[in-house]
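Note sheet for the following structure.
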Amino acid sequence: MRVLLVNMPWSPIDLPSLALGILKRSVDERVPDTTCEVLHANLEFTDWITHRTEFTGQDYEYYALSSYFLGCGDWVFSSALYGDPEWRDEEFTRVMTPKLRTSRMRMTRELHRVVPEFVDEIARAIVAAEPDVVGFTSTFQQNTAALAAARHVKELAPHIVTVMGGANCDSEQGAAVHRNFRFVDHVVRGEGESAFPALLTALRDGSDDLTGIPGLCHRAPDGSSVANPMATSPLPPAAILPPDYSGYFERLAASVARNWVEPKLVVEGARGCWWGEKHHCTFCGLNGSFMQFRSKSPETFYEEIMDLAERHRVLDMYVVDNILDMKYLSTVLPRIIDSGHDLRMHIEIKANMRRAQLQVLADAGLIYVQPGIESLNSRVLDLMDKGVSGCQNVRMLRDAAETGLSVSWNYLHGFPGETDDDYAPVIRQIPALEHLDPPVDLSARIAIERFSPYFNEPQLGFTGLRAEEHYRFTYDLPEEELYDLAYVFEAPARGIGEDTAERLNAALALWKKRHVDARLTHTDLGDRIVLVSRRRGFAWRTRELTDPFEIAAFRLLDQPHTVAALHRKAPDRASEPRTEQDVRALLDGWVADGIVFTDAGQYVHIAPSAVNQDLLRLDFMRHTHRVREDGAPEDGTPEPGDRPRTRDEEPVLS
C-alpha cells in the first residue's frame, strides 16, 4: 500500500508539519508493507505563485496566520473548491473592503482567481504518484485548500481513498466536513497516531468494519455519513511518537521560500494543559478533544530534541506544548544547558513563573516565550479565570527583560462584566511600561472559539452564536452546517465600548512605536539604588534611592505587595516611623514617576536590573510591530496574537 500525506497552503513554510511527521512515522512503524511519503504542497505553491504574481514571504505569512480571524486565506482557495474563479467575489469585496488595504484586497482577489490552476496541477501530481490513500491535513486556513485538492484528486482518480484530519476536523467540525463533502472518504477526528494506522490496516486487508476506530467518519453502504464515537481517553505520553521530517528541509532548500524564512524544528513534549484541567480560561478553545495534561518522560523528550537537532542541523525550535511541564525545569532544561547546543526555542509558559525559573529557560535557549498575559488588570484576568494578577503579568514582562527572554503576548478585551474603570488605570500607566515588550498587536475584541467555556456555557455571557461572517462567503452550506464546521463565532459585543478600546489601542500603538528606544533599569549598589530612565513620558533620567526605608521598600517590590504588607515588612529606623499613609504617598509618587506599576491594591517595581538589556533584545518581532502612521497594523483590522495559537499541533491527521 502506498500512502501520500499532503500539507497544503496555508501551512507555515518555516515549519515542517509536526502531525504529518508523526503520522509518517506511525505508518512506517505500525502498518507493515506500506510506504508513506509527505508532499510539501505549501512549498510547491510558494514556487508556483512567485512565477505568476508579485508574491512575498510577508504575503504568505498574512494568509497563513495574520488574517486567520478574517478568513482571507480560506476564501482564496474557495474558488478552487467550488470550481469558480469568481466564487463570491462580489460578496467578499463588499464585506472586506472596510477591513483591508487596497493592495491587500487586490492581491487576495488575484490569488482567488488563479489558485484553481494550482490545485489542478497539484492534484495531477498526487495522482501521478499513484498512492492508494492520500491524507490531507487541515489546520488554521488550510481547510478550503485541502478540500479543493481532495475534490480534484477524487475526480481524476475515484479509486484513490481520500482522508482528512487536523484541528479543523476535531469533533463536530470533522463530522460536518464528512457530511458535506462526499469526495472525502474518511475523516480522522482527534489524535491520529492510532486511528490512522488502524484505518490503513483495515483498507489494506479489505475490511468493511470500521466501527471500532474511535472518532473515524466513514460511509455506510448507502453512502450516508457515519461518525464513530470519539475516544474516551487521550493517548498516553509513551504512545506519542517523535516526528519524521524526512524531505522537508531538502524541499525547502530548493524553494524560493529559503530566501524568506529561517527553518525551525517543531518539537512536542506534552499535550493538554495542567492549568486548564483546573481552570479552563473562558476564551480558550485549545485542546478540543482532551484537556488532560500528559507529558513525555524527561529522558524521551531530551533525546528527541537532541536527535532532531543533530539529524537536521537546525538549532531553532518551536515547542508546541500548550504549557510547559514544570518538571522539565529541573530535568530536561539542565541537560540542554550542559549539552553545548546553542538552541533557540519558543515555548508557552504561565505568567507567574519566578525570575530564577525564567533564567533556566533563558540559559537553555528558550528565549522566545508566550506567557498568555492577555491583560494587565486583575479584575479582567479574574473574568478570564487566568489565575494571575495584573501585577504578576507586569512582573513577568520585567523579569523577562532582565533574563533576556523575548515575550510574545496579546492584549484582549470584550469580556462580559468588564467595565471602562478596569481599563482606565492601565491606560494611564502604559507610558511607564514602554521599555518592556509590548503586545504583538493592538488590542482586539475576543473571538468566541469552539470548545471554549464561552462557547459551551451561554450563562457566561454569550448567546445566539453563529459562524463568523467569512464562513458564509467561503462555503456553500446552510447556516446549521456552517455552525458545526466553524471554529470561530460571532456574538454581540460585550464589555467595554469602542471609545475605551480606542484609547487603549492609542496607548498600545505608542508603546509599540517607542519601545525600541525606551529604557528603565536599576542598579543595586547596597547603600543606594540607581535608576536610569529613557522614556518619552518622563522627564527624569537618573534617580538615586538613598533612604534605607525606600531602598528596602524597592527591594520588596521585586514581588507585588499591598501598602499594608510593605509597611509591615520594610524596616523603618527613622525617629518618626512612617505610617501606612506615608507609604501610600511614597508609592503614589513612584507610580507618577513610572518606577512602580499598581493594580488592584498591589504595587510592583518595573525596573529590570541593568544587564545590557539593549543588547539582549531580539528583532524577531520587529515585523509584527510595524504600524501605519495612523497607528493601525499594516494589513487592516488588528488580530489577537502574532499567530493563531497552535490548537492543532496535536497530531490529528495533520
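To be explicit about the labels: the chains of the C-alpha cells are called A, B, and onward in the order shown, and within each one the residues are counted from 1, while ligands get numbers from 1 in the order they are shown.
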Find the residues of region 165-233 of chain A that sit at most 12 Å from region 111-133 of chain A; for each, write down the nearest two atoms and how far apart they are in Å, to one decimal. Count only C-alpha atoms. Sort by chain, then by number going up, and give it as a tab-separated table.
residue	atom	partner	partner_atom	distance
A:Val184	CA	A:Val133	CA	11.3
A:Asp185	CA	A:Val133	CA	10.0
A:His186	CA	A:Val133	CA	10.4
A:Phe196	CA	A:Val133	CA	11.0
A:Pro197	CA	A:Val133	CA	11.6
A:Leu199	CA	A:Val133	CA	10.4
A:Leu200	CA	A:Val133	CA	8.2
A:Thr201	CA	A:Val133	CA	11.5
A:Leu203	CA	A:Val133	CA	9.1
A:Arg204	CA	A:Asp132	CA	9.3
TODO: Please identify which residues in region 132-265 of chain A DSSP calls strand (DSSP E) from the backbone, and express them as a list in words.
DONE: Val133, Val134, Gly135, Phe136, Thr137, Val161, Thr162, Val163, Met164, Gly165, His186, Val187, Val188, Cys217, His218, Arg219, Ser225, Val226, Ala227 and Leu265 of chain A
Store the residues picked out above, limited to C-alpha atoms, as a PDB file, in the first residue's frame.
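Output (part.pdb):
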ATOM      1  CA  VAL A 133      -4.512   6.583   0.086  1.00  0.00           C
ATOM      2  CA  VAL A 134      -3.955  10.339   0.206  1.00  0.00           C
ATOM      3  CA  GLY A 135      -4.299  12.155   3.520  1.00  0.00           C
ATOM      4  CA  PHE A 136      -4.814  15.903   3.834  1.00  0.00           C
ATOM      5  CA  THR A 137      -4.112  17.878   6.983  1.00  0.00           C
ATOM      6  CA  VAL A 161      -9.039   6.847  -0.914  1.00  0.00           C
ATOM      7  CA  THR A 162      -9.149  10.407   0.429  1.00  0.00           C
ATOM      8  CA  VAL A 163      -8.747  11.122   4.152  1.00  0.00           C
ATOM      9  CA  MET A 164      -8.770  14.394   6.097  1.00  0.00           C
ATOM     10  CA  GLY A 165      -7.847  15.286   9.638  1.00  0.00           C
ATOM     11  CA  HIS A 186     -12.814   9.362   5.705  1.00  0.00           C
ATOM     12  CA  VAL A 187     -12.197  11.958   8.413  1.00  0.00           C
ATOM     13  CA  VAL A 188      -9.951  11.227  11.377  1.00  0.00           C
ATOM     14  CA  CYS A 217     -16.020   9.237   9.982  1.00  0.00           C
ATOM     15  CA  HIS A 218     -16.802   6.786   7.201  1.00  0.00           C
ATOM     16  CA  ARG A 219     -19.638   5.987   4.818  1.00  0.00           C
ATOM     17  CA  SER A 225     -22.038   9.623   6.743  1.00  0.00           C
ATOM     18  CA  VAL A 226     -21.286   7.667   9.913  1.00  0.00           C
ATOM     19  CA  ALA A 227     -19.309   9.275  12.743  1.00  0.00           C
ATOM     20  CA  LEU A 265      12.129  22.270  14.007  1.00  0.00           C
TER      21      LEU A 265
END
*asked:* Using only C-alpha atoms, can you tell me which of A:Ala148, A:Thr211, A:Pro478, A:Arg466 comes closest to Gly83 (chain A)?
replied: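 Using only C-alpha atoms, Gly83 (chain A) sits closest to A:Ala148.
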* To do: May I have the residues within 10 Å of Gly417 (chain A) as a list in words, using only C-alpha atoms and disregarding those fewer than 5 positions away in the same chain?
  =>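 Surrounding residues, per the criterion: Arg379, Val380, Leu383, Leu460, Gly461, Arg494, Gly495 and Ile496 of chain A.
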Computed interatomic separation between CA of Thr46 (chain A) and CA of Ala257 (chain A) (Å):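 Distance between the two atoms: 6.7 Å.
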Contact residues around region 3-10 of chain A with only C-alpha atoms at 9 Å, ignoring same-chain residues under 6 positions, as a VMD selection string: chain A and resid 17 20 23 to 24 27 34 to 46 60 to 61 63 to 65 73 to 74 126 129 to 143 145 to 146 149 200 653 to 654
Pick out each residue of region 238-394 of chain A that DSSP on the backbone tags as alpha helix (DSSP H); I need them as a compact mmCIF listing (two decimals) with C-alpha atoms, in the first residue's frame.
# COMPACT_ATOMS: atom_id res chain seq x y z
CA TYR A 248 11.08 18.91 4.34
CA PHE A 249 14.46 20.60 4.71
CA GLU A 250 15.65 19.33 1.34
CA ARG A 251 12.48 20.65 -0.34
CA LEU A 252 12.78 24.00 1.43
CA ALA A 253 16.39 24.34 0.26
CA TRP A 274 -2.42 21.32 33.50
CA TRP A 275 -3.87 24.74 34.28
CA GLY A 276 -6.87 24.20 32.02
CA GLU A 277 -7.68 20.94 33.80
CA LYS A 278 -8.39 23.01 36.92
CA PRO A 298 12.29 13.86 30.54
CA GLU A 299 14.68 11.31 29.05
CA THR A 300 12.48 10.77 25.98
CA PHE A 301 11.89 14.47 25.36
CA TYR A 302 15.57 15.35 25.73
CA GLU A 303 16.63 12.59 23.34
CA GLU A 304 14.05 13.69 20.77
CA ILE A 305 15.29 17.29 20.88
CA MET A 306 18.92 16.27 20.51
CA ASP A 307 18.21 13.73 17.79
CA LEU A 308 16.23 16.24 15.68
CA ALA A 309 18.86 18.96 16.11
CA GLU A 310 21.70 16.67 15.12
CA ARG A 311 19.82 14.93 12.31
CA HIS A 312 18.71 18.15 10.59
CA VAL A 332 15.26 18.41 30.51
CA LEU A 333 16.46 22.00 30.57
CA PRO A 334 19.61 21.49 32.69
CA ARG A 335 20.64 18.71 30.29
CA ILE A 336 20.13 21.05 27.33
CA ILE A 337 22.29 23.65 29.08
CA ASP A 338 25.04 21.07 29.60
CA SER A 339 24.75 19.71 26.06
CA ARG A 355 12.90 35.02 37.84
CA ALA A 356 15.09 32.04 38.71
CA GLN A 357 12.84 29.79 36.63
CA LEU A 358 12.93 32.25 33.74
CA GLN A 359 16.71 32.26 33.95
CA VAL A 360 16.74 28.49 33.49
CA LEU A 361 14.61 28.94 30.36
CA ALA A 362 16.98 31.58 29.02
CA ASP A 363 20.09 29.52 29.76
CA SER A 378 -6.66 41.78 37.82
CA ARG A 379 -10.43 42.06 37.63
CA VAL A 380 -10.45 41.34 33.89
CA LEU A 381 -7.99 38.48 34.44
CA ASP A 382 -10.38 37.04 37.02
CA LEU A 383 -13.16 37.16 34.42
CA MET A 384 -10.88 35.07 32.18
CA GLY A 390 -2.11 42.38 36.70
CA CYS A 391 1.00 42.99 38.79
CA GLN A 392 2.19 39.43 38.23
CA ASN A 393 1.88 39.91 34.48
CA VAL A 394 3.89 43.14 34.65
Non-local contacts of Val488 (chain A) (10 Å; only C-alpha atoms; under 6 positions in same chain excluded) as a list in words
Tyr68, Phe69, Gly71, Gly285, Ala447, Ile448, Glu449, Arg450, Phe455, Leu465, Arg466, Ala467, Glu468, Glu469, His470 and Tyr471 of chain A
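CA of Phe183 (chain A) to CA of Asp476 (chain A) spans 15.2 Å [interatomic distance, one decimal].
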Computed gap from CA of Asp316 (chain A) to CA of Gly247 (chain A) is 17.7 Å
Shortest contact to Lys264 (chain A), candidates A:Tyr318, A:Trp75, A:Phe473, A:Phe290, atoms counted only C-alpha atoms, goes to A:Tyr318
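Residues lying within 10 Å of Gln559 (chain A), counting only C-alpha atoms and ignoring same-chain neighbours fewer than 6 positions away, are Arg354, Cys391, Gln392, Arg395, Gln602, Tyr603, Val604 and His605 of chain A.
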Put those residues in a file: C-alpha atoms, as a short mmCIF file (atom, residue, chain, number, x, y, z; two decimals), in the first residue's frame.
data_model
loop_
_atom_site.label_atom_id
_atom_site.label_comp_id
_atom_site.auth_asym_id
_atom_site.auth_seq_id
_atom_site.Cartn_x
_atom_site.Cartn_y
_atom_site.Cartn_z
CA ARG A 354 9.69 33.40 39.04
CA CYS A 391 1.00 42.99 38.79
CA GLN A 392 2.19 39.43 38.23
CA ARG A 395 6.46 41.39 36.82
CA GLN A 602 -0.89 45.89 44.75
CA TYR A 603 2.36 47.51 43.66
CA VAL A 604 5.42 46.12 41.85
CA HIS A 605 8.50 47.91 40.57
#
